[in-house]
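Structure first, then comments.
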Amino acid sequence: GSCRQDALMRSLLTWFADFSSKDNVFSLHNMVAAGMAKYQTLPGEWYGPGTACHVIRDLCHLLCEQTQAIKHAGNKPMFRVHVASQGTVYQDAIEELMTSATEGGDDGLSPGQQHVPSHPLEEFHPLGPSPSCGATDQQQRPDWDTAMLLLIPLRLGLKAFQNEYALSLANCFQFPQSVGVLGGRPRGARWFYGATADGQSLLALDPHTIQLAPHRRPVAGTKQQVVAMTDEYLRSVHTTSPDTIPIRRMDPSIALGFYCRDRNDWDALCASLDAWKEKHPKLPELFGVADALPDYSANVSSAMQDMMLSDMVGDDGMEDGGGDGALSDEDEYVLL
């Protein structure tokens, strides 16, 4: 009974009800439509964790647009979604998204595209060490106007899950900001919400349980229909039999999820990641956090220019070719 009266719960159950309607923004119908529209994924084709993350981002943005920024406690807009699709989270991308005046969760990137910072780091060599997440300037940072859902698609192995990542993955569930992991077994998607103490098994929910779609009822005096909050529908969103899957049997393609309520929450997550890395230096990192994406094109162009100048100018400061400033006819040019 209390679920029926709770406004947030009613909204959630309406958003996820499987109807082809703008009111049911996260329905299976809309997820399939989003996959076809932007990512060329046909109905019935497999959605990898990466595509699923981008579809979630797009639908969250759509929900914000339809409702003109959902309001909650504190008069804030709905949370924004950032997809870190390169295995590294860039602080400048998050800063731009979370301090932007534009409401919504679209970071403008499709799967495979990189974020290009508007102000790349100066004096940053692409082969040098990445700055840590604590290296961001702590001064003059504006507050976030809402929360952030961070989604990080990863592949932890070529054909099978590499067990070296097991403890690091299991540790993610201890972070207060964790909302779980998208993944599963081959051709069997799961949502993982916890891990055993030894890190060798994950607790999961199976979305493939077949159940009836909820009913809709008309609103008196209008043509609008709303989802009927029946006992049957309320029971259908809960389960009493979660799965336990050995981590070694996971598909290597996964996506991590973190929900940060504000900037302090994000800073706390970064600090937890740094502390885990410092405590377990021999374990591989699941993902990295850096200040900004290096401007590789600028660095490469500068390096090539320096190489060309060094070839043309000798140790005595004079140009090669007899000292007369002209190139010899016997000089060879090689196309690289």
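If you're wondering about the labels, chains in the structure tokens are A, B, ... by order shown, residues count from 1 in each chain, ligands from 1 in order shown.
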What are the nearest atom pairs, with distances in Å to one decimal, for all residues of range 141-220 of chain A that come at most 8 Å from range 49-52 of chain A, using only C-alpha atoms, set out by chain and rising residue number as a tab-separated table?
```
residue	atom	partner	partner_atom	distance
A:Pro153	CA	A:Gly50	CA	5.1
A:Leu154	CA	A:Gly50	CA	7.8
A:Leu182	CA	A:Pro49	CA	6.2
A:Gly183	CA	A:Pro49	CA	6.5
```
Shell around Glu164 in chain A at 12 Å using only C-alpha atoms, local window under 3 positions removed, as a PyMOL selection string: chain A and resi 156-157+160-161+167-170+199-200+247-248+252+280+282-286
Computed interatomic separation between CA of Arg57 in chain A and CA of Lys38 in chain A (Å): 12.0 Å
Nearest to Thr14 in chain A, chosen from A:Trp191, A:Tyr233, A:Tyr165, A:Trp276, with only C-alpha atoms counted in the distances: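 Ranked by minimum distance to Thr14 in chain A, first place goes to A:Tyr233.
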Nearest to Asp267 in chain A, chosen from A:Leu212, A:Ser297, A:Val289, A:Cys172, with only C-alpha atoms counted in the distances: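 Of A:Leu212, A:Ser297, A:Val289, A:Cys172, the one nearest Asp267 in chain A is A:Val289, counting only C-alpha atoms.
Counting only C-alpha atoms, Asp206 in chain A has the following residues at most 10 Å away, ignoring those fewer than 6 positions along the same chain: A:Gly184, A:Gly188, A:Ala189, A:Arg190, A:Trp191, A:Phe192, A:Thr239, A:Ser241, A:Pro242, A:Asp243.
One finds CA of Phe16 in chain A at 13.6 Å from CA of Gln211 in chain A.
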DSSP strand (DSSP E or B) selection over range 223-272 of chain A, as a PyMOL selection string: chain A and resi 225-227+243-246+253-260
Just the selected residues (N, CA, C and O atoms), exported as an mmCIF file, in the first residue's frame, please.
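That gives us part.cif:
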```cif
data_model
loop_
_atom_site.group_PDB
_atom_site.id
_atom_site.type_symbol
_atom_site.label_atom_id
_atom_site.label_comp_id
_atom_site.auth_asym_id
_atom_site.auth_seq_id
_atom_site.Cartn_x
_atom_site.Cartn_y
_atom_site.Cartn_z
ATOM 1 N N GLN A 225 -3.928 7.359 -20.305
ATOM 2 C CA GLN A 225 -3.944 6.107 -19.562
ATOM 3 C C GLN A 225 -2.721 6.046 -18.654
ATOM 4 O O GLN A 225 -1.624 6.471 -19.039
ATOM 5 N N VAL A 226 -2.902 5.514 -17.461
ATOM 6 C CA VAL A 226 -1.804 5.375 -16.506
ATOM 7 C C VAL A 226 -1.666 3.910 -16.115
ATOM 8 O O VAL A 226 -2.607 3.117 -16.253
ATOM 9 N N VAL A 227 -0.487 3.562 -15.636
ATOM 10 C CA VAL A 227 -0.224 2.185 -15.219
ATOM 11 C C VAL A 227 -0.974 1.890 -13.922
ATOM 12 O O VAL A 227 -0.910 2.680 -12.964
ATOM 13 N N ASP A 243 20.546 -14.772 -8.218
ATOM 14 C CA ASP A 243 21.569 -15.701 -8.705
ATOM 15 C C ASP A 243 22.889 -15.468 -7.997
ATOM 16 O O ASP A 243 23.187 -14.366 -7.527
ATOM 17 N N THR A 244 23.693 -16.528 -7.954
ATOM 18 C CA THR A 244 25.089 -16.428 -7.540
ATOM 19 C C THR A 244 25.937 -17.029 -8.646
ATOM 20 O O THR A 244 25.785 -18.205 -8.987
ATOM 21 N N ILE A 245 26.813 -16.212 -9.243
ATOM 22 C CA ILE A 245 27.596 -16.645 -10.402
ATOM 23 C C ILE A 245 29.085 -16.567 -10.064
ATOM 24 O O ILE A 245 29.556 -15.517 -9.601
ATOM 25 N N PRO A 246 29.838 -17.650 -10.270
ATOM 26 C CA PRO A 246 31.298 -17.574 -10.093
ATOM 27 C C PRO A 246 31.881 -16.520 -11.022
ATOM 28 O O PRO A 246 31.532 -16.464 -12.203
ATOM 29 N N SER A 253 32.997 -8.622 -20.950
ATOM 30 C CA SER A 253 32.413 -7.307 -21.217
ATOM 31 C C SER A 253 31.457 -6.934 -20.089
ATOM 32 O O SER A 253 30.464 -7.627 -19.865
ATOM 33 N N ILE A 254 31.769 -5.847 -19.395
ATOM 34 C CA ILE A 254 30.947 -5.401 -18.274
ATOM 35 C C ILE A 254 30.818 -3.884 -18.334
ATOM 36 O O ILE A 254 31.422 -3.223 -19.192
ATOM 37 N N ALA A 255 30.048 -3.324 -17.441
ATOM 38 C CA ALA A 255 29.972 -1.872 -17.267
ATOM 39 C C ALA A 255 29.758 -1.581 -15.793
ATOM 40 O O ALA A 255 28.834 -2.116 -15.173
ATOM 41 N N LEU A 256 30.626 -0.754 -15.239
ATOM 42 C CA LEU A 256 30.497 -0.334 -13.845
ATOM 43 C C LEU A 256 29.562 0.866 -13.749
ATOM 44 O O LEU A 256 29.505 1.693 -14.668
ATOM 45 N N GLY A 257 28.849 0.960 -12.634
ATOM 46 C CA GLY A 257 27.962 2.091 -12.409
ATOM 47 C C GLY A 257 28.211 2.728 -11.049
ATOM 48 O O GLY A 257 28.325 2.018 -10.041
ATOM 49 N N PHE A 258 28.311 4.051 -11.022
ATOM 50 C CA PHE A 258 28.504 4.797 -9.774
ATOM 51 C C PHE A 258 27.569 6.006 -9.781
ATOM 52 O O PHE A 258 27.451 6.703 -10.791
ATOM 53 N N TYR A 259 26.929 6.244 -8.643
ATOM 54 C CA TYR A 259 26.036 7.387 -8.491
ATOM 55 C C TYR A 259 26.638 8.333 -7.461
ATOM 56 O O TYR A 259 26.772 7.980 -6.290
ATOM 57 N N CYS A 260 26.993 9.526 -7.912
ATOM 58 C CA CYS A 260 27.594 10.527 -7.034
ATOM 59 C C CYS A 260 26.606 11.667 -6.837
ATOM 60 O O CYS A 260 26.203 12.325 -7.807
#
```
